[in-house]
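**Student:** Next comes target_27.cif, mmCIF, C-alpha atoms:
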data_target
loop_
_atom_site.label_atom_id
_atom_site.label_comp_id
_atom_site.auth_asym_id
_atom_site.auth_seq_id
_atom_site.Cartn_x
_atom_site.Cartn_y
_atom_site.Cartn_z
CA MET A 1 3.11 -14.78 6.05
CA THR A 2 2.16 -13.37 9.47
CA GLN A 3 -0.30 -15.09 11.78
CA ASP A 4 -2.81 -12.34 11.02
CA GLN A 5 -2.44 -12.98 7.28
CA THR A 6 -2.80 -16.74 7.84
CA ASP A 7 -6.01 -16.25 9.81
CA HIS A 8 -7.24 -13.88 7.12
CA ALA A 9 -6.60 -16.38 4.32
CA ALA A 10 -8.24 -19.17 6.27
CA SER A 11 -11.41 -17.20 7.03
CA GLY A 12 -12.03 -15.83 3.54
CA ILE A 13 -11.22 -12.77 1.49
CA ILE A 14 -12.26 -9.15 1.80
CA VAL A 15 -14.08 -7.90 -1.31
CA ALA A 16 -14.88 -4.29 -2.15
CA ILE A 17 -18.01 -4.06 -4.30
CA ILE A 18 -18.90 -0.84 -6.11
CA PRO A 19 -22.39 -0.71 -7.67
CA ALA A 20 -22.42 1.80 -10.54
CA ARG A 21 -25.36 2.14 -12.93
CA GLY A 22 -25.07 3.94 -16.23
CA GLY A 23 -28.26 5.99 -15.89
CA SER A 24 -28.60 9.15 -13.82
CA LYS A 25 -31.29 11.84 -13.98
CA GLN A 26 -29.67 14.66 -12.00
CA VAL A 27 -26.15 14.34 -13.47
CA PRO A 28 -26.06 12.51 -16.82
CA GLY A 29 -23.24 9.98 -16.88
CA LYS A 30 -22.65 10.69 -13.19
CA ASN A 31 -20.39 7.74 -12.42
CA VAL A 32 -17.98 8.69 -15.21
CA THR A 33 -18.00 12.40 -14.34
CA ARG A 34 -14.46 13.65 -13.84
CA ILE A 35 -13.61 15.20 -10.49
CA GLY A 36 -10.10 16.62 -10.45
CA GLY A 37 -9.49 14.97 -13.82
CA ILE A 38 -10.41 11.46 -12.63
CA PRO A 39 -13.74 9.72 -13.37
CA LEU A 40 -15.75 9.02 -10.21
CA ILE A 41 -15.75 5.26 -10.82
CA GLN A 42 -11.96 5.21 -11.05
CA ARG A 43 -11.68 7.25 -7.86
CA ALA A 44 -13.76 4.62 -6.07
CA VAL A 45 -11.74 1.72 -7.51
CA ARG A 46 -8.45 3.36 -6.54
CA ALA A 47 -9.64 4.14 -3.01
CA ALA A 48 -10.69 0.51 -2.55
CA ALA A 49 -7.46 -0.85 -4.02
CA ALA A 50 -5.39 1.43 -1.79
CA ALA A 51 -6.94 -0.11 1.34
CA GLU A 52 -4.43 -2.68 2.62
CA ARG A 53 -7.11 -5.09 3.85
CA VAL A 54 -9.01 -5.33 0.54
CA ASP A 55 -8.15 -8.39 -1.56
CA LEU A 56 -10.42 -7.88 -4.56
CA VAL A 57 -12.19 -4.85 -6.07
CA VAL A 58 -15.38 -5.53 -8.04
CA VAL A 59 -17.57 -3.11 -10.00
CA SER A 60 -21.18 -4.09 -10.68
CA THR A 61 -22.48 -2.22 -13.71
CA ASP A 62 -24.79 -2.30 -16.72
CA ASP A 63 -22.76 0.31 -18.62
CA ASP A 64 -19.96 -0.27 -21.16
CA LYS A 65 -18.08 2.96 -20.41
CA ILE A 66 -18.13 2.34 -16.66
CA ALA A 67 -16.91 -1.21 -17.30
CA GLU A 68 -14.06 0.01 -19.51
CA LEU A 69 -12.88 2.60 -16.98
CA SER A 70 -13.18 0.10 -14.10
CA VAL A 71 -11.02 -2.50 -15.83
CA ALA A 72 -8.46 0.18 -16.69
CA ALA A 73 -8.28 1.09 -12.98
CA GLY A 74 -7.71 -2.55 -12.03
CA ALA A 75 -11.17 -3.74 -10.99
CA ARG A 76 -13.01 -6.91 -11.92
CA VAL A 77 -16.31 -6.11 -13.65
CA ILE A 78 -19.52 -8.04 -13.06
CA ARG A 79 -22.37 -7.24 -15.42
CA ARG A 80 -25.54 -6.36 -13.59
CA PRO A 81 -28.75 -8.01 -14.87
CA ALA A 82 -31.47 -5.73 -16.26
CA GLU A 83 -33.89 -6.62 -13.45
CA ILE A 84 -31.64 -4.95 -10.86
CA SER A 85 -30.40 -2.08 -13.04
CA GLY A 86 -33.41 0.24 -13.02
CA ASP A 87 -34.11 3.36 -10.92
CA THR A 88 -36.07 1.38 -8.34
CA ALA A 89 -33.44 -1.33 -7.80
CA SER A 90 -31.62 -1.12 -4.47
CA SER A 91 -27.86 -0.92 -4.17
CA GLU A 92 -28.06 -3.92 -1.84
CA SER A 93 -29.48 -6.06 -4.65
CA ALA A 94 -26.48 -5.25 -6.84
CA VAL A 95 -24.02 -5.96 -4.03
CA LEU A 96 -25.68 -9.29 -3.21
CA HIS A 97 -25.65 -10.30 -6.89
CA ALA A 98 -21.95 -9.43 -7.18
CA LEU A 99 -21.23 -11.35 -3.97
CA ASP A 100 -22.95 -14.43 -5.42
CA GLU A 101 -20.90 -14.12 -8.61
CA VAL A 102 -17.62 -13.85 -6.72
CA GLU A 103 -18.39 -16.85 -4.53
CA SER A 104 -19.63 -18.92 -7.47
CA GLY A 105 -15.98 -19.30 -8.44
CA GLY A 106 -15.26 -21.20 -5.25
CA VAL A 107 -14.03 -18.20 -3.26
CA THR A 108 -15.27 -17.58 0.28
CA VAL A 109 -15.93 -13.95 1.17
CA ASP A 110 -15.58 -12.99 4.82
CA VAL A 111 -16.19 -9.24 4.65
CA VAL A 112 -17.85 -7.01 2.04
CA VAL A 113 -16.82 -3.38 1.62
CA PHE A 114 -19.76 -1.70 -0.10
CA ILE A 115 -18.51 1.52 -1.74
CA GLN A 116 -20.52 4.31 -3.36
CA ALA A 117 -18.83 5.71 -6.48
CA THR A 118 -20.57 9.03 -5.93
CA SER A 119 -18.24 9.84 -3.01
CA PRO A 120 -15.02 11.17 -4.58
CA PHE A 121 -12.86 11.51 -1.46
CA ILE A 122 -12.91 8.13 0.28
CA PRO A 123 -10.11 7.72 2.87
CA SER A 124 -8.65 4.25 2.28
CA ASP A 125 -7.12 3.98 5.73
CA ARG A 126 -10.56 4.28 7.34
CA ILE A 127 -11.78 1.35 5.24
CA ASP A 128 -8.99 -0.71 6.82
CA VAL A 129 -10.04 0.35 10.32
CA ALA A 130 -13.63 -0.74 9.68
CA VAL A 131 -12.57 -4.05 8.12
CA ASP A 132 -10.50 -4.88 11.20
CA GLU A 133 -13.44 -4.13 13.48
CA VAL A 134 -15.80 -6.36 11.49
CA ARG A 135 -13.30 -9.20 11.03
CA SER A 136 -12.70 -9.26 14.78
CA ARG A 137 -16.50 -9.42 15.24
CA GLN A 138 -16.48 -6.24 17.30
CA TYR A 139 -19.26 -5.12 14.96
CA ASP A 140 -21.36 -6.88 12.31
CA SER A 141 -21.76 -3.84 10.09
CA MET A 142 -20.18 -0.39 10.02
CA PHE A 143 -20.72 2.84 8.13
CA SER A 144 -18.65 5.96 7.51
CA ALA A 145 -19.74 9.12 9.29
CA HIS A 146 -18.29 12.37 10.54
CA GLU A 147 -18.80 13.98 13.91
CA THR A 148 -21.11 16.99 14.05
CA TYR A 149 -22.30 19.34 16.75
CA GLY A 150 -24.82 21.02 14.46
CA PHE A 151 -28.26 22.06 15.67
CA LEU A 152 -30.87 20.20 13.63
CA TRP A 153 -34.39 21.42 12.90
CA ARG A 154 -37.48 20.21 11.06
CA ARG A 155 -40.67 21.86 9.84
CA ASP A 156 -43.99 20.92 11.43
CA ASP A 157 -47.26 20.60 9.47
CA ALA A 158 -47.75 24.35 9.61
CA GLY A 159 -44.22 25.06 8.37
CA ALA A 160 -42.88 26.25 11.72
CA ALA A 161 -39.38 25.27 12.86
CA VAL A 162 -39.11 22.58 15.53
CA ALA A 163 -35.82 21.73 17.28
CA ILE A 164 -34.73 18.09 16.91
CA ASN A 165 -31.50 17.44 18.80
CA HIS A 166 -31.46 20.38 21.20
CA ASP A 167 -33.59 22.55 23.47
CA ALA A 168 -33.93 25.87 21.68
CA ALA A 169 -34.70 27.62 24.99
CA GLY A 170 -31.35 26.76 26.53
CA ARG A 171 -28.64 25.68 24.14
CA PRO A 172 -25.40 24.49 25.80
CA ARG A 173 -21.89 25.36 24.67
CA ARG A 174 -20.26 23.10 22.09
CA GLN A 175 -18.00 21.48 24.69
CA ASP A 176 -21.05 20.61 26.77
CA ARG A 177 -23.03 19.04 23.94
CA GLU A 178 -23.14 15.40 22.92
CA PRO A 179 -21.75 14.88 19.42
CA HIS A 180 -23.87 13.32 16.70
CA TYR A 181 -22.66 11.51 13.59
CA LEU A 182 -23.72 12.28 10.03
CA GLU A 183 -23.64 9.30 7.67
CA THR A 184 -21.54 10.14 4.59
CA GLY A 185 -22.82 7.35 2.31
CA ALA A 186 -19.25 6.74 1.12
CA PHE A 187 -18.74 3.17 2.34
CA TYR A 188 -20.15 0.38 4.49
CA VAL A 189 -18.26 -2.64 5.80
CA LEU A 190 -20.37 -5.76 6.29
CA GLU A 191 -19.84 -9.27 7.62
CA ALA A 192 -20.72 -11.25 4.49
CA GLU A 193 -22.93 -13.98 5.94
CA GLY A 194 -24.85 -11.57 8.13
CA PHE A 195 -25.41 -9.31 5.15
CA ARG A 196 -26.84 -12.22 3.17
CA HIS A 197 -29.35 -13.03 5.91
CA ALA A 198 -30.34 -9.42 6.61
CA GLY A 199 -30.48 -8.25 2.99
CA HIS A 200 -29.61 -4.68 3.99
CA ARG A 201 -26.54 -2.77 5.15
CA PHE A 202 -27.48 -2.14 8.81
CA PHE A 203 -27.71 -5.36 10.80
CA GLY A 204 -26.50 -6.92 14.02
CA ARG A 205 -24.23 -4.73 16.11
CA VAL A 206 -23.78 -1.57 14.02
CA GLY A 207 -20.63 0.52 14.38
CA ILE A 208 -19.46 3.92 13.16
CA VAL A 209 -16.08 4.52 11.54
CA GLU A 210 -15.27 8.21 11.74
CA VAL A 211 -13.96 9.98 8.63
CA PRO A 212 -12.88 13.59 8.09
CA GLU A 213 -15.71 15.99 7.33
CA TRP A 214 -14.01 17.08 4.07
CA SER A 215 -14.42 13.53 2.75
CA ALA A 216 -18.21 13.67 3.08
CA VAL A 217 -18.96 15.29 -0.30
CA GLU A 218 -21.44 13.18 -2.27
CA ILE A 219 -22.29 13.84 -5.93
CA ASP A 220 -26.05 14.12 -6.45
CA ASP A 221 -26.34 17.21 -8.67
CA ALA A 222 -24.34 19.72 -10.71
CA GLN A 223 -23.71 21.90 -7.65
CA HIS A 224 -22.03 18.98 -5.87
CA VAL A 225 -19.84 18.44 -8.95
CA ALA A 226 -18.68 22.06 -8.75
CA VAL A 227 -17.94 21.82 -5.03
CA ALA A 228 -16.05 18.54 -5.37
CA SER A 229 -14.06 19.84 -8.35
CA ALA A 230 -12.96 22.87 -6.35
CA LEU A 231 -12.04 20.72 -3.35
CA ALA A 232 -10.10 18.21 -5.47
CA GLY A 233 -7.42 20.79 -6.18
CA LEU A 234 -6.71 20.92 -2.44
CA VAL A 235 -7.15 17.24 -1.60
CA ASP A 236 -5.50 15.62 -4.64
CA GLN A 237 -1.97 16.86 -4.88
CA PRO A 238 0.30 13.90 -5.67
CA VAL A 239 3.99 14.72 -5.48
CA SER A 240 4.85 12.55 -8.49
CA ILE A 241 3.11 12.45 -11.86
CA ASP A 242 3.63 9.07 -13.50
CA VAL A 243 3.27 9.54 -17.28
CA LYS A 244 4.99 8.53 -20.50
CA ALA A 245 4.63 11.87 -22.31
CA VAL A 246 4.14 15.57 -21.58
CA VAL A 247 2.07 17.91 -23.76
CA THR A 248 1.74 21.63 -23.07
CA ASP A 249 -0.04 24.68 -24.34
CA PHE A 250 2.22 27.64 -25.12
CA ASP A 251 0.70 31.04 -24.26
CA GLY A 252 0.01 31.26 -20.55
CA VAL A 253 2.07 28.13 -19.89
CA HIS A 254 5.54 28.74 -21.33
CA THR A 255 4.78 32.46 -21.18
CA ASP A 256 3.03 34.75 -18.70
CA ASP A 257 0.29 35.28 -21.32
CA THR A 258 1.39 38.81 -22.18
CA VAL A 259 3.20 40.13 -25.27
CA LEU A 260 5.36 43.10 -26.17
CA VAL A 261 4.42 44.69 -29.50
CA ASP A 262 6.97 46.95 -31.24
CA THR A 263 6.20 49.77 -33.67
CA ALA A 264 6.37 47.35 -36.60
CA GLY A 265 3.70 45.18 -35.02
CA GLU A 266 6.13 42.38 -34.17
CA GLU A 267 5.34 40.46 -30.99
CA GLN A 268 7.78 39.31 -28.34
CA VAL A 269 7.10 37.06 -25.35
CA ARG A 270 8.84 36.40 -22.07
CA VAL A 271 9.75 32.81 -21.16
CA SER A 272 11.54 31.13 -18.26
CA ARG A 273 15.09 29.76 -18.59
CA GLU A 274 14.10 27.49 -15.70
CA ASP A 275 11.55 25.84 -17.99
CA GLY A 276 14.22 25.37 -20.65
CA MET A 277 16.45 23.45 -18.24
CA GLY A 278 13.50 21.27 -17.25
CA VAL A 279 12.72 20.42 -20.88
CA ALA A 280 16.37 19.45 -21.42
CA ARG A 281 16.18 17.10 -18.42
CA LEU A 282 12.96 15.55 -19.72
CA ARG A 283 14.54 15.00 -23.12
CA ARG A 284 17.58 13.29 -21.54
CA ALA A 285 15.20 11.02 -19.63
CA GLY A 286 13.72 9.89 -22.96
CA ILE A 287 10.20 11.14 -22.21
CA PRO A 288 8.47 12.61 -25.30
CA MET A 289 7.14 16.17 -25.19
CA LEU A 290 4.89 18.18 -27.51
CA ILE A 291 3.86 21.84 -27.59
CA LEU A 292 0.26 22.15 -28.80
CA SER A 293 -0.95 25.69 -29.43
CA THR A 294 -3.74 27.58 -31.16
CA GLU A 295 -1.34 30.50 -31.63
CA VAL A 296 -0.05 31.09 -35.19
CA ASN A 297 2.72 33.52 -34.23
CA PRO A 298 6.18 32.33 -35.41
CA VAL A 299 7.48 32.84 -31.86
CA VAL A 300 5.85 29.53 -30.88
CA ARG A 301 7.89 27.52 -33.37
CA ALA A 302 11.02 29.55 -32.60
CA ARG A 303 10.75 28.66 -28.90
CA ALA A 304 9.97 25.02 -29.68
CA ASN A 305 13.04 24.83 -31.95
CA LYS A 306 15.16 26.35 -29.17
CA LEU A 307 13.86 23.69 -26.76
CA ARG A 308 14.23 20.96 -29.41
CA VAL A 309 10.61 19.96 -28.88
CA PRO A 310 8.10 19.15 -31.64
CA VAL A 311 5.28 21.66 -32.00
CA LEU A 312 1.81 21.77 -33.52
CA HIS A 313 0.58 25.37 -33.68
CA GLY A 314 -2.33 27.09 -35.28
CA ILE A 315 -4.46 24.19 -33.98
CA ASP A 316 -8.16 24.88 -33.48
CA ASP A 317 -9.17 21.36 -32.36
CA LYS A 318 -6.66 20.43 -29.68
CA GLU A 319 -8.50 17.28 -28.66
CA GLN A 320 -8.33 15.77 -32.15
CA ALA A 321 -4.73 16.86 -32.69
CA LEU A 322 -3.62 15.42 -29.36
CA ALA A 323 -5.42 12.11 -29.93
CA ALA A 324 -3.82 11.79 -33.38
CA TRP A 325 -0.33 12.57 -32.03
CA ALA A 326 -0.75 10.02 -29.23
CA ALA A 327 -1.88 7.33 -31.69
CA GLU A 328 1.02 8.06 -34.07
CA ASN A 329 3.50 7.71 -31.22
CA GLY A 330 1.87 4.65 -29.62
CA ILE A 331 1.17 6.44 -26.33
CA ALA A 332 -2.05 5.82 -24.42
CA LEU A 333 -3.96 8.99 -23.57
CA ALA A 334 -4.11 7.79 -19.96
CA ASP A 335 -0.30 8.04 -19.88
CA ILE A 336 -0.13 11.69 -20.96
CA ALA A 337 0.08 14.84 -18.84
CA TYR A 338 -1.41 17.92 -20.51
CA LEU A 339 -0.57 21.32 -19.04
CA GLY A 340 -3.00 24.13 -19.80
CA ASN A 341 -4.19 27.50 -18.58
CA ASP A 342 -7.34 28.58 -20.41
CA VAL A 343 -10.70 27.26 -21.57
CA ASN A 344 -9.46 26.27 -25.03
CA ASP A 345 -7.34 23.64 -23.27
CA LEU A 346 -10.34 21.90 -21.67
CA PRO A 347 -11.12 19.47 -24.54
CA ALA A 348 -7.54 18.17 -24.53
CA MET A 349 -7.41 18.02 -20.74
CA ARG A 350 -10.55 15.89 -20.60
CA ILE A 351 -9.07 13.03 -22.66
CA VAL A 352 -5.74 12.56 -20.88
CA GLY A 353 -4.92 10.71 -17.69
CA TRP A 354 -3.21 13.69 -16.07
CA PRO A 355 -4.83 17.07 -16.82
CA VAL A 356 -2.64 19.71 -15.13
CA ALA A 357 -3.21 23.45 -14.63
CA VAL A 358 -0.81 26.31 -13.98
CA ALA A 359 -1.39 28.16 -10.72
CA ASN A 360 -3.03 31.17 -12.40
CA ALA A 361 -5.23 29.14 -14.77
CA HIS A 362 -8.84 30.01 -15.53
CA PRO A 363 -11.18 28.68 -12.77
CA GLU A 364 -12.76 26.13 -15.14
CA VAL A 365 -9.31 24.79 -15.99
CA ARG A 366 -8.34 24.54 -12.34
CA SER A 367 -11.56 22.62 -11.65
CA ALA A 368 -10.87 20.19 -14.52
CA ALA A 369 -7.28 19.56 -13.43
CA ARG A 370 -6.05 16.53 -11.58
CA VAL A 371 -3.13 18.63 -10.36
CA VAL A 372 -2.89 22.40 -9.95
CA LEU A 373 0.74 23.51 -9.93
CA GLY A 374 2.21 25.97 -7.49
CA LYS A 375 3.77 28.12 -10.21
CA SER A 376 2.15 30.31 -12.83
CA GLY A 377 2.67 30.33 -16.57
CA GLY A 378 6.02 31.77 -17.60
CA GLN A 379 7.21 31.53 -13.99
CA GLY A 380 8.55 27.97 -13.94
CA ALA A 381 5.28 25.99 -14.26
CA VAL A 382 6.67 23.77 -17.05
CA ARG A 383 9.77 23.00 -14.94
CA GLU A 384 7.59 22.17 -11.92
CA LEU A 385 5.54 19.70 -13.95
CA ILE A 386 8.65 18.09 -15.43
CA GLU A 387 10.30 17.68 -12.03
CA ARG A 388 7.22 15.89 -10.75
CA VAL A 389 7.23 13.63 -13.81
CA LEU A 390 10.90 12.81 -13.28
CA THR A 391 10.36 11.85 -9.62
CA ALA A 392 7.84 9.14 -10.53
CA ASP A 393 8.99 5.54 -10.12
CA ARG A 394 9.24 3.96 -13.55
CA PRO A 395 10.74 0.73 -14.95
CA ARG A 396 14.43 0.95 -15.76
#
Do you think you could lay out the structure here as structure tokens?
**Tutor:**
Amino acid sequence: MTQDQTDHAASGIIVAIIPARGGSKQVPGKNVTRIGGIPLIQRAVRAAAAAERVDLVVVSTDDDKIAELSVAAGARVIRRPAEISGDTASSESAVLHALDEVESGGVTVDVVVFIQATSPFIPSDRIDVAVDEVRSRQYDSMFSAHETYGFLWRRDDAGAAVAINHDAAGRPRRQDREPHYLETGAFYVLEAEGFRHAGHRFFGRVGIVEVPEWSAVEIDDAQHVAVASALAGLVDQPVSIDVKAVVTDFDGVHTDDTVLVDTAGEEQVRVSREDGMGVARLRRAGIPMLILSTEVNPVVRARANKLRVPVLHGIDDKEQALAAWAAENGIALADIAYLGNDVNDLPAMRIVGWPVAVANAHPEVRSAARVVLGKSGGQGAVRELIERVLTADRPR
């Protein structure tokens, strides 16, 4: 143990507390809304857990589904009393209650990291920076913000525009202007005892921890969900995909979603030999695979037989069929990657841990995906997914 770690242990632990109510008027079930295939509450838990300085992640909630997802992501759940669970209850009241519960077990908390689950892109390394500043007593409280040089305006009583942070008659160049900082609402880092006395998140010497502007998205309405879902495909691109099974659609995934029809009405499709080699590698690794298709054409089963992969085709309800297959094989849905391309794949994608889209997937499918592949259907997308599954660290 280093001297820094010894001092840390002696002074108390660092606890991340995430208040997450079940009710939401603008976005029903907001805290369990999936962004890039991951529920918001699990994104917050994972961001907190990925911060090196955080010792314990706690979720304060009144909702069973939020509690279930939080535990699955590795958080401790503290049930929030009804009196601080309504629309008028402050987030601070939930954080203070959770802090009391943690310390009632004989643990001393030195620093509280107050995280908002409605911010899907929290940079864990910036949490660590803020914790170090507060632990060293450089600041008593800190908040995440990004630098902005924007010109701000307000409306007066008559509705006319009035400049706030600039002189409209002589506006300087960007390089000559003083930067301002826009609070993101993503996280706050607070010296625990000072927070108790103040009862709110801004007290003592207040500091700013700068975060990238792209991380400032906050989910308050359906439009924010759409923006965050589109951004997730760019921000969330893990190299490895750690799963125990792979399930794919057929048309538009193994094929390029086109067919050749001969004069007898027989259909032919074009597939990738590259995908075939990938499936063989997956099979040798002992990772189960299933093809799940709504298509009734015999070509689906013929290709599955060639790949030596089980197939369910002519399936109208993919969600139910996938859930039943997973249960029969003893595989948790969270441990499955599902690769799709079109809107009929969405129900199945929503129940797995790793919804994946081919590069040329329908926009709704891309938005629902945790990973968007670089290759299109029929052009090596299946092989790309398999290679990323095989690179994941797994017990031997």
**Student:** So how many Å separate CA of Ala228 in chain A and CA of Arg366 in chain A, to one decimal?
**Tutor:**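 Separating CA of Ala228 in chain A from CA of Arg366 in chain A is a distance of 12.0 Å.
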**Student:** Would you kindly translate the PyMOL selection byres ((chain A and resi 49-63) around 8) into the concrete residues it picks from this file, as a PyMOL selection string?
**Tutor:** chain A and resi 13-22+45-48+64-67+70+74-82+85+94-95+98+124-125+127-128+131
**Student:** Could the residues in this selection be written to a file with C-alpha atoms, as a PDB file, in the frame of the given file?
**Tutor:**
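So the final result, stored in selection-v9.pdb, reads:
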ATOM      1  CA  ILE A  13     -11.220 -12.770   1.490  1.00  0.00           C
ATOM      2  CA  ILE A  14     -12.260  -9.150   1.800  1.00  0.00           C
ATOM      3  CA  VAL A  15     -14.080  -7.900  -1.310  1.00  0.00           C
ATOM      4  CA  ALA A  16     -14.880  -4.290  -2.150  1.00  0.00           C
ATOM      5  CA  ILE A  17     -18.010  -4.060  -4.300  1.00  0.00           C
ATOM      6  CA  ILE A  18     -18.900  -0.840  -6.110  1.00  0.00           C
ATOM      7  CA  PRO A  19     -22.390  -0.710  -7.670  1.00  0.00           C
ATOM      8  CA  ALA A  20     -22.420   1.800 -10.540  1.00  0.00           C
ATOM      9  CA  ARG A  21     -25.360   2.140 -12.930  1.00  0.00           C
ATOM     10  CA  GLY A  22     -25.070   3.940 -16.230  1.00  0.00           C
ATOM     11  CA  VAL A  45     -11.740   1.720  -7.510  1.00  0.00           C
ATOM     12  CA  ARG A  46      -8.450   3.360  -6.540  1.00  0.00           C
ATOM     13  CA  ALA A  47      -9.640   4.140  -3.010  1.00  0.00           C
ATOM     14  CA  ALA A  48     -10.690   0.510  -2.550  1.00  0.00           C
ATOM     15  CA  ASP A  64     -19.960  -0.270 -21.160  1.00  0.00           C
ATOM     16  CA  LYS A  65     -18.080   2.960 -20.410  1.00  0.00           C
ATOM     17  CA  ILE A  66     -18.130   2.340 -16.660  1.00  0.00           C
ATOM     18  CA  ALA A  67     -16.910  -1.210 -17.300  1.00  0.00           C
ATOM     19  CA  SER A  70     -13.180   0.100 -14.100  1.00  0.00           C
ATOM     20  CA  GLY A  74      -7.710  -2.550 -12.030  1.00  0.00           C
ATOM     21  CA  ALA A  75     -11.170  -3.740 -10.990  1.00  0.00           C
ATOM     22  CA  ARG A  76     -13.010  -6.910 -11.920  1.00  0.00           C
ATOM     23  CA  VAL A  77     -16.310  -6.110 -13.650  1.00  0.00           C
ATOM     24  CA  ILE A  78     -19.520  -8.040 -13.060  1.00  0.00           C
ATOM     25  CA  ARG A  79     -22.370  -7.240 -15.420  1.00  0.00           C
ATOM     26  CA  ARG A  80     -25.540  -6.360 -13.590  1.00  0.00           C
ATOM     27  CA  PRO A  81     -28.750  -8.010 -14.870  1.00  0.00           C
ATOM     28  CA  ALA A  82     -31.470  -5.730 -16.260  1.00  0.00           C
ATOM     29  CA  SER A  85     -30.400  -2.080 -13.040  1.00  0.00           C
ATOM     30  CA  ALA A  94     -26.480  -5.250  -6.840  1.00  0.00           C
ATOM     31  CA  VAL A  95     -24.020  -5.960  -4.030  1.00  0.00           C
ATOM     32  CA  ALA A  98     -21.950  -9.430  -7.180  1.00  0.00           C
ATOM     33  CA  SER A 124      -8.650   4.250   2.280  1.00  0.00           C
ATOM     34  CA  ASP A 125      -7.120   3.980   5.730  1.00  0.00           C
ATOM     35  CA  ILE A 127     -11.780   1.350   5.240  1.00  0.00           C
ATOM     36  CA  ASP A 128      -8.990  -0.710   6.820  1.00  0.00           C
ATOM     37  CA  VAL A 131     -12.570  -4.050   8.120  1.00  0.00           C
TER      38      VAL A 131
END
**Student:** Just to confirm, what's the straight-line distance from CA of Ala232 in chain A to CA of Gly36 in chain A in Å (one decimal)?
**Tutor:**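 If I compute the distance from CA of Ala232 in chain A to CA of Gly36 in chain A, I get 5.2 Å.
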**Student:** List the residues matched by the PyMOL selection byres ((chain A and resi 248) around 7) in the displayed structure as a PyMOL selection string, ordered by chain and then by residue number.
**Tutor:** chain A and resi 246-247+249-250+290-292+338-340
**Student:** Using only C-alpha atoms, which of A:Ser136, A:Thr294, A:Ser229, A:Gln42 sits nearest Ala321 in chain A?
**Tutor:**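 Nearest candidate to Ala321 in chain A out of A:Ser136, A:Thr294, A:Ser229, A:Gln42: A:Thr294.
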**Student:** Can you turn the PyMOL selection byres ((chain A and resi 187-189) around 8) into a concrete residue list for this file, as number ranges by chain?
**Tutor:** A: 111-116, 122, 127, 130-131, 134, 141-144, 184-186, 190-191, 201
**Student:** Expressed in Å to a single decimal, how great is the separation between CA of Ala337 in chain A and CA of Val225 in chain A?
**Tutor:**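 Computing the Euclidean distance for CA of Ala337 in chain A and CA of Val225 in chain A yields 22.5 Å.
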**Student:** Let me make sure I understand: among A:Gln223, A:Ser91, A:Thr391, A:Ser272, which one has the smallest atom-to-atom distance to Val239 in chain A if we use only C-alpha atoms?
**Tutor:**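 Checking each candidate against Val239 in chain A, we get A:Thr391 as the closest.
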